[in-house]
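Below is one structure; the comments refer to it alone.
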Amino acid sequence: MRTEREKGLMSNVRVRFAPSPTGYLHIGGARTALFNWLFARHNKGIFLLRIEDTDQQRSTPEATQAILDSMQWLGLNWDEGPFFQSDRLSIYKKHADNLVLQNKAFYDTDAEGRKAIRFKMLDGVTEINDLIHGVISFDTALIEDFVILKADGFPTYNFACVVDDAEMGITHVIRGDDHISNTPKQIALYNAFGFKLPEFAHIPMILGEDGSRLSKRHGATSVTEYRDKGYLPQALVNFLALLGWSPGNDQEIITLAEMIEKFSLKRAVKTSAQFNNTKMDWMNGQYIKSIPVEQLSPYTRGFFEKSGVDMTKISAEWLTALVRLYHERFKTFQDLVNQTGFFFSSTIEYDTASVEKFLKKEGITNLLKEVLAAISQLEAFDTKHLEDSLRALTTKLGVGFSKLAQPLRVSITGRSVSAGIFETMELLGKEVSLQRLDYTIKNLCNQ
RNA sequence: GCCCCCAUCGUCUAGUGGCCCAGGAUGUCAGGUUCUCAGCCUGAAGACAGGGGUUCAAAUCCCCUUGGGGGUACCA
């Protein structure tokens, strides 16, 4: 409950996010939700959630749940709702009947014999003063009488939307600009009812990386996919906020609090944006680096488990050490899992090109034997002692350290790219490190 | 077809008539750090879609063309 004092501080701004539950929440929808949410929070208004489930064929409870989950994951909490249009059928019916009574709508039967209520569109010019686009005008003679109540008793989108926005006291309709051409129909409805018009703000759509409409073939398009691939919600929110809005300076990393403080529709852009996964990755990496490893590492556990790693014997301390070692090297949790597989399996895969390049060369067998001998002696198998011992070895042999590091790296990790080799060996432990070295010498080098 | 929206580096954007031979970020390239890669640091290349106006002056205003997107459903 809000106190009287809090009510007094609130503005009368009321906005909503109104998705249809026909699929996952995709990033375009998420961005629309975010803009509404930011607008509400900035203005100390109300943000409500309404599920537009008037398409009986395509709406599913699973999709509704996925949308709710995604909203929560992103941190876009709502103040009222979720309201379901399917619960409000009698309201739409009442309003539709009313329009028929006033001769503003009529029953109509189509070729298939289905009987619906159709709204009479009057000829004229309708102007909307969009908060983002300015004045847009339409010749309503070009718009035909449209169905408002379907044969199945469900309202159509334009009708339910207007009835609900009016009844729920929505002051600002912030939605994708694919709805611009629906607006004159909706205004006609507002006028027929005598409802007060809300403000309209049509924000541009988000396009796929090739500039075409976002679809399945663009890869990850839903919020849940980004979650499952190991992106951070705050990074996705930051990225989405900057798609179509800018804080007015050169700032790229911006906290939620700053977004709320600075958000304004005046700084929203008109042009549609292409979602760029590369920059999204960079931004996620920035967020990952900004979070202390102790705080970050618990979140990684689930991703390892999902990839099939048995984590029951992995201690929190060890996991944190691993995350620390890779902290600046991974951009998503999935990326971390991909980079560190060799830590978790007893038999690792060796990259053939790396083996060819660094192991199947003259003198490598002997070199690695020397390494094995040197580090076998070590009492303390840690970064410092490993480094001291192996640097001393290269000095003794008169070779550059990189001549030793790469073959060693391939032996231990199976690949030519990894975090620091001493740290890696320390984390892997003496036993496993020696085993892999031994295996490499016996099986992979030229004898 | 008709109606509507949009148009600055590859991408996201700053820019609202002079501060812009256009700034930042990302990505790319080069150099540095270094056991590899990543990271980090430094530097470079990279855009006002085209054409007409208006104006002393246009990325910014107007028109046309072109391109992209959306709508034109008993989908939302």
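Ordered as shown in the structure tokens, chains take letters A, B, and onward, while each chain numbers its residues from 1 and ligands are numbered from 1 in the order shown.
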
Taking a cut-off of 9 Å and counting only C-alpha atoms (C1' of nucleotides), can you build a table that, for each residue of chain B near chain A, reports the nearest atom pair and how far apart they are in Å (one decimal), sorted by chain then residue number, as a tab-separated table?
```
residue	atom	partner	partner_atom	distance
B:C2	C1'	A:Leu142	CA	8.5
B:C3	C1'	A:Leu142	CA	7.5
B:C4	C1'	A:Ser181	CA	6.2
B:C5	C1'	A:Asp177	CA	7.5
B:C6	C1'	A:Thr271	CA	5.6
B:A7	C1'	A:Thr271	CA	7.8
B:U11	C1'	A:Asn276	CA	6.2
B:C12	C1'	A:Leu243	CA	6.5
B:U13	C1'	A:Ser246	CA	7.4
B:A14	C1'	A:Asn249	CA	7.3
B:G23	C1'	A:Asp250	CA	8.9
B:G24	C1'	A:Asp250	CA	5.2
B:A25	C1'	A:Glu252	CA	6.8
B:U26	C1'	A:Lys279	CA	5.3
B:G27	C1'	A:Thr278	CA	7.5
B:C35	C1'	A:Ala405	CA	4.9
B:U36	C1'	A:Val417	CA	5.2
B:C37	C1'	A:Val417	CA	4.9
B:A38	C1'	A:Arg329	CA	5.1
B:G39	C1'	A:Glu328	CA	5.7
B:G68	C1'	A:Gly211	CA	8.0
B:G69	C1'	A:Ser272	CA	7.9
B:G70	C1'	A:Asp178	CA	5.0
B:G71	C1'	A:Ser181	CA	5.6
B:U72	C1'	A:Ile143	CA	8.3
B:C74	C1'	A:Lys150	CA	4.6
B:C75	C1'	A:Asp55	CA	7.0
B:A76	C1'	A:Tyr157	CA	6.0
```

Looking only at the backbone, which of the residues in segment 49-204 of chain A does DSSP tag as strand (DSSP E or B), as number ranges by chain? A: 49-51, 80-84, 105-109, 115-119, 125-130, 134-139, 146-149, 155, 172-176, 199-203

Using only C-alpha atoms (C1' of nucleotides), determine which residues lie at most 12 Å from G50 of chain B, disregarding the query and same-chain residues fewer than 2 positions distant; provide the list as a PyMOL selection string. chain B and resi 7+52+64-67

Env of segment 170-172 of chain A: 8 Å cut, atoms = only C-alpha atoms (C1' of nucleotides), seq-sep filter 4 positions within chain, self excluded. Answer as an NGL selection string. :A and (12-16 or 165-166 or 198-201)

Export, as a PDB file, in the first residue's frame, the selected residues with all heavy atoms.
```pdb
ATOM      1  N   ASN A  12       0.368  11.774 -12.545  1.00  0.00           N
ATOM      2  CA  ASN A  12      -0.771  11.016 -13.031  1.00  0.00           C
ATOM      3  C   ASN A  12      -0.423  10.193 -14.269  1.00  0.00           C
ATOM      4  O   ASN A  12      -1.287   9.693 -14.956  1.00  0.00           O
ATOM      5  CB  ASN A  12      -1.944  11.964 -13.328  1.00  0.00           C
ATOM      6  CG  ASN A  12      -1.535  13.035 -14.336  1.00  0.00           C
ATOM      7  OD1 ASN A  12      -0.408  13.043 -14.826  1.00  0.00           O
ATOM      8  ND2 ASN A  12      -2.455  13.925 -14.645  1.00  0.00           N
ATOM      9  N   VAL A  13       0.873  10.071 -14.528  1.00  0.00           N
ATOM     10  CA  VAL A  13       1.303   9.304 -15.696  1.00  0.00           C
ATOM     11  C   VAL A  13       0.992   7.819 -15.506  1.00  0.00           C
ATOM     12  O   VAL A  13       1.314   7.225 -14.483  1.00  0.00           O
ATOM     13  CB  VAL A  13       2.824   9.486 -15.946  1.00  0.00           C
ATOM     14  CG1 VAL A  13       3.352   8.406 -16.881  1.00  0.00           C
ATOM     15  CG2 VAL A  13       3.113  10.862 -16.508  1.00  0.00           C
ATOM     16  N   ARG A  14       0.324   7.263 -16.490  1.00  0.00           N
ATOM     17  CA  ARG A  14       0.019   5.827 -16.471  1.00  0.00           C
ATOM     18  C   ARG A  14       0.339   5.257 -17.854  1.00  0.00           C
ATOM     19  O   ARG A  14      -0.208   5.706 -18.855  1.00  0.00           O
ATOM     20  CB  ARG A  14      -1.454   5.581 -16.138  1.00  0.00           C
ATOM     21  CG  ARG A  14      -1.832   5.927 -14.686  1.00  0.00           C
ATOM     22  CD  ARG A  14      -3.322   5.789 -14.444  1.00  0.00           C
ATOM     23  NE  ARG A  14      -3.798   4.418 -14.608  1.00  0.00           N
ATOM     24  CZ  ARG A  14      -3.758   3.494 -13.638  1.00  0.00           C
ATOM     25  NH1 ARG A  14      -3.254   3.796 -12.457  1.00  0.00           N
ATOM     26  NH2 ARG A  14      -4.212   2.276 -13.858  1.00  0.00           N
ATOM     27  N   VAL A  15       1.252   4.302 -17.875  1.00  0.00           N
ATOM     28  CA  VAL A  15       1.609   3.689 -19.154  1.00  0.00           C
ATOM     29  C   VAL A  15       1.485   2.172 -19.019  1.00  0.00           C
ATOM     30  O   VAL A  15       1.371   1.649 -17.922  1.00  0.00           O
ATOM     31  CB  VAL A  15       3.050   4.047 -19.593  1.00  0.00           C
ATOM     32  CG1 VAL A  15       3.158   5.538 -19.869  1.00  0.00           C
ATOM     33  CG2 VAL A  15       4.068   3.640 -18.524  1.00  0.00           C
ATOM     34  N   ARG A  16       1.506   1.511 -20.155  1.00  0.00           N
ATOM     35  CA  ARG A  16       1.364   0.047 -20.097  1.00  0.00           C
ATOM     36  C   ARG A  16       2.238  -0.609 -21.144  1.00  0.00           C
ATOM     37  O   ARG A  16       2.634  -0.007 -22.151  1.00  0.00           O
ATOM     38  CB  ARG A  16      -0.092  -0.361 -20.266  1.00  0.00           C
ATOM     39  CG  ARG A  16      -0.929   0.065 -21.497  1.00  0.00           C
ATOM     40  CD  ARG A  16      -0.274   0.392 -22.727  1.00  0.00           C
ATOM     41  NE  ARG A  16      -1.163   0.617 -23.841  1.00  0.00           N
ATOM     42  CZ  ARG A  16      -0.842   0.287 -25.102  1.00  0.00           C
ATOM     43  NH1 ARG A  16       0.309  -0.260 -25.371  1.00  0.00           N
ATOM     44  NH2 ARG A  16      -1.678   0.550 -26.081  1.00  0.00           N
ATOM     45  N   ASP A 165      -7.227   0.874 -22.779  1.00  0.00           N
ATOM     46  CA  ASP A 165      -6.409   2.056 -22.498  1.00  0.00           C
ATOM     47  C   ASP A 165      -7.259   3.143 -21.854  1.00  0.00           C
ATOM     48  O   ASP A 165      -6.819   3.826 -20.930  1.00  0.00           O
ATOM     49  CB  ASP A 165      -5.745   2.570 -23.779  1.00  0.00           C
ATOM     50  CG  ASP A 165      -4.546   1.727 -24.188  1.00  0.00           C
ATOM     51  OD1 ASP A 165      -4.060   0.944 -23.335  1.00  0.00           O
ATOM     52  OD2 ASP A 165      -4.091   1.831 -25.338  1.00  0.00           O
ATOM     53  N   ALA A 166      -8.486   3.278 -22.331  1.00  0.00           N
ATOM     54  CA  ALA A 166      -9.370   4.297 -21.760  1.00  0.00           C
ATOM     55  C   ALA A 166      -9.783   3.908 -20.342  1.00  0.00           C
ATOM     56  O   ALA A 166      -9.664   4.702 -19.413  1.00  0.00           O
ATOM     57  CB  ALA A 166     -10.600   4.480 -22.641  1.00  0.00           C
ATOM     58  N   PRO A 198      -5.276   9.731 -25.333  1.00  0.00           N
ATOM     59  CA  PRO A 198      -3.973   9.735 -24.657  1.00  0.00           C
ATOM     60  C   PRO A 198      -2.939  10.387 -25.583  1.00  0.00           C
ATOM     61  O   PRO A 198      -3.239  10.703 -26.727  1.00  0.00           O
ATOM     62  CB  PRO A 198      -3.662   8.244 -24.500  1.00  0.00           C
ATOM     63  CG  PRO A 198      -4.320   7.626 -25.701  1.00  0.00           C
ATOM     64  CD  PRO A 198      -5.541   8.457 -26.003  1.00  0.00           C
ATOM     65  N   GLU A 199      -1.745  10.581 -25.061  1.00  0.00           N
ATOM     66  CA  GLU A 199      -0.647  11.003 -25.938  1.00  0.00           C
ATOM     67  C   GLU A 199      -0.126   9.754 -26.642  1.00  0.00           C
ATOM     68  O   GLU A 199      -0.150   8.663 -26.065  1.00  0.00           O
ATOM     69  CB  GLU A 199       0.497  11.606 -25.106  1.00  0.00           C
ATOM     70  CG  GLU A 199       0.127  12.844 -24.318  1.00  0.00           C
ATOM     71  CD  GLU A 199       0.041  14.082 -25.197  1.00  0.00           C
ATOM     72  OE1 GLU A 199       0.445  14.008 -26.383  1.00  0.00           O
ATOM     73  OE2 GLU A 199      -0.434  15.116 -24.697  1.00  0.00           O
ATOM     74  N   PHE A 200       0.364   9.925 -27.847  1.00  0.00           N
ATOM     75  CA  PHE A 200       0.946   8.780 -28.549  1.00  0.00           C
ATOM     76  C   PHE A 200       2.438   9.003 -28.782  1.00  0.00           C
ATOM     77  O   PHE A 200       2.860  10.125 -29.092  1.00  0.00           O
ATOM     78  CB  PHE A 200       0.267   8.577 -29.907  1.00  0.00           C
ATOM     79  CG  PHE A 200      -1.151   8.086 -29.796  1.00  0.00           C
ATOM     80  CD1 PHE A 200      -2.216   8.978 -29.922  1.00  0.00           C
ATOM     81  CD2 PHE A 200      -1.420   6.747 -29.567  1.00  0.00           C
ATOM     82  CE1 PHE A 200      -3.533   8.537 -29.811  1.00  0.00           C
ATOM     83  CE2 PHE A 200      -2.735   6.291 -29.460  1.00  0.00           C
ATOM     84  CZ  PHE A 200      -3.796   7.186 -29.580  1.00  0.00           C
ATOM     85  N   ALA A 201       3.200   7.959 -28.597  1.00  0.00           N
ATOM     86  CA  ALA A 201       4.639   8.023 -28.884  1.00  0.00           C
ATOM     87  C   ALA A 201       5.015   6.721 -29.586  1.00  0.00           C
ATOM     88  O   ALA A 201       4.967   5.648 -28.989  1.00  0.00           O
ATOM     89  CB  ALA A 201       5.428   8.185 -27.592  1.00  0.00           C
TER      90      ALA A 201
END
```

Give me, as a PyMOL selection string, all polymer residues having an atom no more than 10 Å from segment 44-46 of chain B, counting only C-alpha atoms (C1' of nucleotides) and skipping those fewer than 5 positions away in the same chain. chain B and resi 9-10+28-30

Could you pull out all residues of segment 35-277 of chain A with a DSSP call of helix (DSSP H, G or I) and give them as a PyMOL selection string? chain A and resi 35-42+61-74+85-101+140-142+157-167+177-193+216-218+223-228+233-241+256-262+265-267+277

Which distance in Å separates atom CA of Ala160 of chain A and atom CA of Gln85 of chain A, to one decimal?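 Atom-to-atom, atom CA of Ala160 of chain A to atom CA of Gln85 of chain A, that is 7.4 Å.
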
Proximity to Thr365 of chain A - best of A:Gly28, A:Pro407, A:Gly219, A:Gly398, only C-alpha atoms: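 Using only C-alpha atoms, Thr365 of chain A sits closest to A:Pro407.
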